[in-house]
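Novice: One file: start23.csv (CSV, C-alpha atoms).
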```csv
chain,number,residue,atom,x,y,z
A,117,MET,CA,-13.2,14.8,-11.7
A,118,LEU,CA,-10.0,13.1,-12.9
A,119,GLN,CA,-7.5,14.9,-14.9
A,120,ILE,CA,-4.2,14.1,-16.6
A,121,SER,CA,-1.6,16.2,-14.9
A,122,ARG,CA,2.0,15.3,-15.5
A,123,ARG,CA,4.1,18.4,-16.0
A,124,LEU,CA,2.5,20.2,-13.0
A,125,SER,CA,3.1,17.2,-10.7
A,126,ARG,CA,6.8,17.0,-11.4
A,127,ARG,CA,7.4,20.8,-11.3
A,128,CYS,CA,5.8,21.0,-7.8
A,129,PHE,CA,7.5,18.0,-6.4
A,130,CYS,CA,10.9,17.8,-8.0
A,131,THR,CA,12.7,21.1,-7.1
A,132,ALA,CA,15.7,21.9,-5.0
A,133,ALA,CA,13.4,23.6,-2.4
A,134,VAL,CA,11.3,20.5,-1.9
A,135,PRO,CA,12.5,17.2,-0.3
A,136,ARG,CA,12.3,14.1,-2.5
A,137,PRO,CA,8.7,12.8,-2.3
A,138,TRP,CA,7.6,9.5,-0.9
A,139,LEU,CA,5.6,7.3,-3.2
A,140,PHE,CA,2.8,5.2,-1.6
A,141,VAL,CA,1.4,2.6,-4.0
A,142,GLY,CA,-1.7,0.6,-3.0
A,143,LEU,CA,-2.2,-2.6,-5.0
A,144,GLY,CA,-5.7,-3.6,-6.1
A,145,ASN,CA,-8.0,-4.1,-9.0
A,146,PRO,CA,-10.2,-1.3,-10.4
A,147,GLY,CA,-13.9,-1.5,-10.9
A,148,ASP,CA,-17.0,-2.2,-8.7
A,149,LYS,CA,-16.8,-5.9,-9.3
A,150,TYR,CA,-13.8,-6.1,-6.9
A,151,LYS,CA,-14.8,-3.5,-4.4
A,152,GLY,CA,-14.6,-4.7,-0.8
A,153,THR,CA,-12.9,-8.0,-1.6
A,154,ARG,CA,-10.0,-9.4,0.3
A,155,HIS,CA,-7.3,-9.6,-2.3
A,156,ASN,CA,-8.3,-6.8,-4.5
A,157,GLN,CA,-9.1,-3.8,-2.4
A,158,VAL,CA,-7.2,-3.5,0.8
A,159,GLY,CA,-4.3,-1.8,-0.8
A,160,PHE,CA,-6.6,0.7,-2.5
A,161,GLU,CA,-8.5,1.2,0.8
A,162,MET,CA,-5.3,2.1,2.6
A,163,ILE,CA,-4.5,4.7,0.0
A,164,ASP,CA,-8.0,6.2,0.3
A,165,ALA,CA,-7.9,6.2,4.1
A,166,PHE,CA,-4.6,8.0,4.1
A,167,ALA,CA,-5.7,10.5,1.4
A,168,GLU,CA,-8.9,11.3,3.3
A,169,SER,CA,-7.0,11.7,6.6
A,170,GLN,CA,-4.7,14.3,5.1
A,171,GLY,CA,-7.1,16.0,2.7
A,172,ILE,CA,-5.3,14.8,-0.4
A,173,SER,CA,-7.5,14.6,-3.5
A,174,MET,CA,-7.1,11.5,-5.7
A,175,ASN,CA,-7.9,13.5,-8.8
A,176,MET,CA,-5.2,12.9,-11.4
A,177,VAL,CA,-4.3,10.1,-13.8
A,178,HIS,CA,-0.7,9.4,-14.5
A,179,CYS,CA,1.3,6.3,-15.5
A,180,LYS,CA,-1.8,4.1,-15.6
A,181,ALA,CA,-2.7,5.1,-12.0
A,182,ILE,CA,-5.1,7.3,-10.1
A,183,VAL,CA,-2.8,9.7,-8.3
A,184,GLY,CA,-3.0,12.3,-5.5
A,185,GLN,CA,-0.3,14.6,-4.3
A,186,GLY,CA,0.1,16.6,-1.2
A,187,PHE,CA,2.2,17.5,1.9
A,188,VAL,CA,2.1,15.9,5.3
A,189,ASN,CA,3.6,18.7,7.4
A,190,ASP,CA,6.7,19.4,5.2
A,191,ALA,CA,6.9,15.9,3.6
A,192,PRO,CA,5.8,15.7,0.0
A,193,VAL,CA,3.7,12.5,-0.7
A,194,LEU,CA,2.5,10.9,-3.9
A,195,LEU,CA,-0.4,8.4,-3.6
A,196,ALA,CA,-1.1,6.0,-6.4
A,197,LYS,CA,-3.7,3.3,-7.2
A,198,PRO,CA,-2.6,1.4,-10.3
A,199,GLN,CA,-5.5,0.8,-12.7
A,200,THR,CA,-3.6,-2.0,-14.6
A,201,TYR,CA,-5.2,-4.8,-12.5
A,202,MET,CA,-3.3,-6.5,-9.8
A,203,ASN,CA,-0.9,-8.8,-11.7
A,204,LEU,CA,0.4,-5.8,-13.8
A,205,SER,CA,0.8,-3.3,-11.0
A,206,GLY,CA,4.5,-2.8,-11.8
A,207,GLU,CA,3.5,-1.3,-15.2
A,208,SER,CA,2.3,1.7,-13.2
A,209,ALA,CA,4.6,1.7,-10.1
A,210,GLY,CA,7.8,1.4,-12.1
A,211,PRO,CA,7.2,4.3,-14.5
A,212,LEU,CA,5.9,6.5,-11.6
A,213,ALA,CA,9.2,5.9,-9.6
A,214,ALA,CA,11.2,6.6,-12.8
A,215,TYR,CA,9.3,9.7,-13.7
A,216,TYR,CA,9.9,11.3,-10.3
A,217,LYS,CA,13.4,9.9,-10.1
A,218,LEU,CA,12.8,8.2,-6.8
A,219,PRO,CA,15.2,5.9,-5.0
A,220,LEU,CA,13.8,2.6,-3.7
A,221,ASN,CA,13.9,3.8,-0.1
A,222,ARG,CA,11.2,6.4,-0.9
A,223,ILE,CA,8.7,3.8,-2.2
A,224,ILE,CA,6.2,1.9,0.0
A,225,VAL,CA,3.8,-0.7,-1.5
A,226,PHE,CA,0.6,-1.6,0.4
A,227,HIS,CA,-0.7,-5.1,-0.3
A,228,ASP,CA,-2.9,-7.9,1.1
A,229,ASP,CA,-1.2,-10.8,2.8
A,230,MET,CA,-2.8,-14.2,3.6
A,231,GLY,CA,0.2,-15.0,5.8
A,232,LEU,CA,-1.1,-12.6,8.5
A,233,PRO,CA,-4.4,-12.8,10.5
A,234,CYS,CA,-7.1,-10.5,9.3
A,235,GLY,CA,-6.5,-6.9,10.4
A,236,VAL,CA,-2.8,-7.5,11.5
A,237,LEU,CA,-0.2,-5.2,9.8
A,238,ARG,CA,3.5,-5.4,9.2
A,239,LEU,CA,5.9,-2.7,7.9
A,240,HIS,CA,9.0,-4.0,6.3
A,241,GLN,CA,11.9,-2.2,4.6
A,242,ASN,CA,12.3,-4.9,1.9
A,243,GLY,CA,11.5,-8.6,1.2
A,244,GLY,CA,10.4,-11.1,-1.4
A,245,HIS,CA,7.0,-11.4,-3.1
A,246,GLY,CA,5.7,-14.4,-1.2
A,247,GLY,CA,3.8,-15.6,-4.3
A,248,HIS,CA,1.9,-12.3,-4.5
A,249,ASN,CA,1.6,-11.5,-8.2
A,250,GLY,CA,1.2,-7.8,-7.7
A,251,LEU,CA,4.5,-7.6,-5.8
A,252,LYS,CA,6.1,-9.8,-8.4
A,253,SER,CA,5.1,-7.2,-11.1
A,254,VAL,CA,6.3,-4.3,-9.0
A,255,THR,CA,9.7,-6.0,-8.3
A,256,TYR,CA,10.1,-6.8,-12.0
A,257,HIS,CA,9.4,-3.2,-13.1
A,258,LEU,CA,11.8,-1.8,-10.4
A,259,ARG,CA,14.6,-3.6,-12.3
A,260,ARG,CA,14.0,-6.8,-10.3
A,261,ASN,CA,15.1,-4.9,-7.1
A,262,ARG,CA,13.4,-5.9,-3.9
A,263,GLU,CA,14.8,-3.1,-1.7
A,264,PHE,CA,11.5,-1.2,-1.4
A,265,ALA,CA,9.3,-1.0,1.7
A,266,ARG,CA,6.0,-2.7,1.9
A,267,LEU,CA,3.0,-2.4,4.3
A,268,ARG,CA,1.5,-5.9,4.6
A,269,ILE,CA,-2.2,-6.0,5.4
A,270,GLY,CA,-3.4,-9.3,6.9
A,271,ILE,CA,-6.5,-10.8,5.4
A,272,GLY,CA,-6.2,-14.3,6.9
A,273,ARG,CA,-6.3,-17.7,5.3
A,274,PRO,CA,-9.2,-19.5,3.7
A,275,PRO,CA,-11.1,-21.8,6.0
A,276,GLY,CA,-10.8,-25.6,5.6
A,277,GLN,CA,-10.2,-26.7,2.0
A,278,MET,CA,-11.6,-23.6,0.4
A,279,ASP,CA,-9.9,-22.6,-2.8
A,280,PRO,CA,-7.6,-19.6,-2.0
A,281,LYS,CA,-8.6,-17.9,-5.3
A,282,ALA,CA,-12.2,-18.0,-4.3
A,283,PHE,CA,-11.4,-16.8,-0.8
A,284,LEU,CA,-9.5,-13.8,-2.1
A,285,LEU,CA,-12.4,-12.7,-4.3
A,286,GLN,CA,-14.9,-12.9,-1.5
A,287,LYS,CA,-16.1,-9.8,0.4
A,288,PHE,CA,-15.3,-9.4,4.1
A,289,ASN,CA,-17.9,-10.5,6.6
A,290,ALA,CA,-18.9,-8.1,9.4
A,291,THR,CA,-16.2,-9.2,11.8
A,292,ALA,CA,-13.4,-9.1,9.2
A,293,ARG,CA,-14.6,-5.8,8.0
A,294,GLU,CA,-14.4,-4.3,11.4
A,295,ARG,CA,-10.9,-5.6,11.8
A,296,ILE,CA,-9.8,-4.2,8.4
A,297,ASP,CA,-11.3,-0.8,9.3
A,298,THR,CA,-9.3,-0.8,12.5
A,299,ALA,CA,-6.2,-1.8,10.6
A,300,LEU,CA,-6.7,1.1,8.1
A,301,ARG,CA,-6.7,3.6,11.0
A,302,GLU,CA,-3.6,2.0,12.5
A,303,GLY,CA,-1.9,2.1,9.0
A,304,VAL,CA,-2.7,5.7,8.6
A,305,GLY,CA,-1.1,6.4,12.0
A,306,VAL,CA,2.2,4.6,11.2
A,307,LEU,CA,2.5,6.2,7.8
A,308,LYS,CA,2.2,9.6,9.4
A,309,LEU,CA,4.8,8.6,11.9
A,310,LEU,CA,7.1,7.3,9.1
A,311,LEU,CA,7.0,10.7,7.4
A,312,SER,CA,8.3,12.4,10.5
A,313,LYS,CA,10.5,9.8,12.2
A,314,GLY,CA,11.7,7.7,9.2
A,315,LEU,CA,11.0,4.1,8.3
A,316,THR,CA,13.4,2.2,10.6
A,317,GLU,CA,12.2,3.7,13.9
A,318,SER,CA,8.5,3.7,12.9
A,319,ALA,CA,8.6,0.0,11.8
A,320,ARG,CA,10.3,-1.1,15.0
A,321,HIS,CA,7.7,0.3,17.3
A,322,PHE,CA,4.8,-0.5,15.0
A,323,ASN,CA,5.7,-4.1,14.4
A,324,THR,CA,6.1,-4.7,18.1
A,325,GLU,CA,2.5,-3.4,18.7
A,326,GLN,CA,1.2,-5.5,15.8
A,327,LYS,CA,3.0,-8.6,17.1
A,328,TYR,CA,1.0,-8.4,20.4
A,329,LYS,CA,-2.2,-7.8,18.4
A,330,HIS,CA,-1.4,-11.0,16.4
A,331,ILE,CA,-1.1,-12.9,19.7
A,332,ARG,CA,-4.3,-11.5,21.0
A,333,LEU,CA,-6.2,-12.6,17.9
A,334,GLN,CA,-4.7,-16.0,18.0
A,335,THR,CA,-5.8,-16.3,21.6
A,336,MET,CA,-9.4,-15.3,20.8
A,337,GLN,CA,-9.5,-17.8,17.9
A,338,ALA,CA,-8.1,-20.7,20.0
```
Spell out the structure here as structure tokens.

Specialist:
Amino acid sequence: MLQISRRLSRRCFCTAAVPRPWLFVGLGNPGDKYKGTRHNQVGFEMIDAFAESQGISMNMVHCKAIVGQGFVNDAPVLLAKPQTYMNLSGESAGPLAAYYKLPLNRIIVFHDDMGLPCGVLRLHQNGGHGGHNGLKSVTYHLRRNREFARLRIGIGRPPGQMDPKAFLLQKFNATARERIDTALREGVGVLKLLLSKGLTESARHFNTEQKYKHIRLQTMQA
């Protein structure tokens, strides 16, 4: 059961005794219509996978998002799935960051990426939007600042001359679904590492592993 819980959230997470929380934001579209599609669900699925792995309940509504909060060891974490629809994601992410007074280096956005093969991940400290409307919106509502981290989740490119918009709204086939499920487990692993080791060290090792995974997939497809 979802509940609106604002005052409790900040009181628990914004005290001198508790480190500044991390904010993980998964981009997607709400509703069953979009469930399981390439463009619209992988960010949400990463949030759900991490929440389940850590026993965090996504049971609050705040700043136009479904939100969960918890601790991973001693690190406080806020998980958010904006319900604004993809292209307006910043209307949720920006106010959440402002409400908890979070610096950009405590924010990570999870999003789909056609520039990576299906199931390949990348963790970056900053970057542009690459034409992704959800990232455009988040950047705009973070005062046009791009210095927030993002976990890119590869969904591959459309085959042949297929319209990219149609491709993005398709559901994954069995092979792609298996790769995404593996990627979600790998994503959970690097996020746990990030919370203990920090972003820079975690990203360096993880991106090297994912680079070789990328090469393996290219070899299989050749």

Novice: Which is closest to Arg273 of chain A among A:Ala214, A:Leu239, A:Ala292, A:Leu232, if we use only C-alpha atoms?

Specialist: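 Using only C-alpha atoms, the shortest distance to Arg273 of chain A belongs to A:Leu232.
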
Novice: Which residues, written as JSON, numbers by chain, have at least one atom at most 9 Å from segment 314-318 of chain A, with only C-alpha atoms counted and residues fewer than 3 positions away on the same chain left out?

Specialist: {"A": [221, 239, 240, 241, 265, 306, 307, 309, 310, 311, 321, 322, 323]}

Novice: A:Phe288, A:Cys234, A:Gly305, A:Lys252: which is nearest His330 of chain A, counting all atoms listed in the file?

Specialist: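 With all atoms listed in the file as the atom set, the closest residue is A:Cys234.
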
Novice: Just to confirm, what's the straight-line distance from atom CA of Ile269 of chain A to atom CA of Phe160 of chain A in Å (one decimal)?

Specialist: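 Answer for the atom CA of Ile269 of chain A to atom CA of Phe160 of chain A separation: 11.3 Å.
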
Novice: Counting all atoms listed in the file, figure out which residue out of A:Leu237, A:Asp297, A:Leu267, A:Tyr201 gets nearest to Asn249 of chain A.

Specialist: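 Residue with the minimum atom-to-atom distance to Asn249 of chain A: A:Tyr201.
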
Novice: When you look at Phe226 of chain A with a cut-off of 7 Å (counting only C-alpha atoms), what residues show up, excluding the ones that are within fewer than 2 positions of it in the same chain? I need them as a list in words.

Specialist: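 Counting only C-alpha atoms, the residues come to Val141, Gly142, Leu143, Gly159, Ile224, Arg266, Leu267 and Arg268 of chain A.
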
Novice: Counting all atoms listed in the file, what is within 10 Å of Phe166 of chain A, bar same-chain residues fewer than 4 positions away, as a list of chain:residue names?

Specialist: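 The neighbour list is A:Phe140, A:Glu161, A:Met162, A:Gln170, A:Gly171, A:Ile172, A:Leu195, A:Leu300, A:Arg301, A:Gly303, A:Val304, A:Gly305, A:Leu307, A:Lys308.
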
Novice: In Å, how far is it from atom CA of Glu168 of chain A to atom CA of Gly206 of chain A?

Specialist: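 Interatomic distance here is 24.6 Å.
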
Novice: For a quick check of understanding, using all atoms listed in the file, which of A:Gly235, A:Asp228, A:Val183, A:Ala191 has the smallest distance to Leu285 of chain A?

Specialist: A:Asp228

Novice: Using all atoms listed in the file, which of A:Ser173, A:Ser312, A:Thr298, A:Gln286 sits nearest Thr153 of chain A?

Specialist: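 Of A:Ser173, A:Ser312, A:Thr298, A:Gln286, the one nearest Thr153 of chain A is A:Gln286, counting all atoms listed in the file.
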
Novice: Near Pro211 of chain A, within 10 Å and counting only C-alpha atoms, which residues show up once chain neighbours fewer than 5 positions away are dropped, as a list in words?

Specialist: His178, Cys179, Lys180, Gly206, Tyr216, Lys217, His257 and Leu258 of chain A

Novice: At a cut-off of 12 Å around the point (-14.0, -15.5, -3.2) (file coordinates), what residues fall inside when counting only C-alpha atoms? I'd like the answer as a PDB file with C-alpha atoms, in the frame of the given file.

Specialist:
```
ATOM      1  CA  LYS A 149     -16.800  -5.900  -9.300  1.00  0.00           C
ATOM      2  CA  TYR A 150     -13.800  -6.100  -6.900  1.00  0.00           C
ATOM      3  CA  GLY A 152     -14.600  -4.700  -0.800  1.00  0.00           C
ATOM      4  CA  THR A 153     -12.900  -8.000  -1.600  1.00  0.00           C
ATOM      5  CA  ARG A 154     -10.000  -9.400   0.300  1.00  0.00           C
ATOM      6  CA  HIS A 155      -7.300  -9.600  -2.300  1.00  0.00           C
ATOM      7  CA  ASN A 156      -8.300  -6.800  -4.500  1.00  0.00           C
ATOM      8  CA  ARG A 273      -6.300 -17.700   5.300  1.00  0.00           C
ATOM      9  CA  PRO A 274      -9.200 -19.500   3.700  1.00  0.00           C
ATOM     10  CA  PRO A 275     -11.100 -21.800   6.000  1.00  0.00           C
ATOM     11  CA  MET A 278     -11.600 -23.600   0.400  1.00  0.00           C
ATOM     12  CA  ASP A 279      -9.900 -22.600  -2.800  1.00  0.00           C
ATOM     13  CA  PRO A 280      -7.600 -19.600  -2.000  1.00  0.00           C
ATOM     14  CA  LYS A 281      -8.600 -17.900  -5.300  1.00  0.00           C
ATOM     15  CA  ALA A 282     -12.200 -18.000  -4.300  1.00  0.00           C
ATOM     16  CA  PHE A 283     -11.400 -16.800  -0.800  1.00  0.00           C
ATOM     17  CA  LEU A 284      -9.500 -13.800  -2.100  1.00  0.00           C
ATOM     18  CA  LEU A 285     -12.400 -12.700  -4.300  1.00  0.00           C
ATOM     19  CA  GLN A 286     -14.900 -12.900  -1.500  1.00  0.00           C
ATOM     20  CA  LYS A 287     -16.100  -9.800   0.400  1.00  0.00           C
ATOM     21  CA  PHE A 288     -15.300  -9.400   4.100  1.00  0.00           C
ATOM     22  CA  ASN A 289     -17.900 -10.500   6.600  1.00  0.00           C
TER      23      ASN A 289
END
```
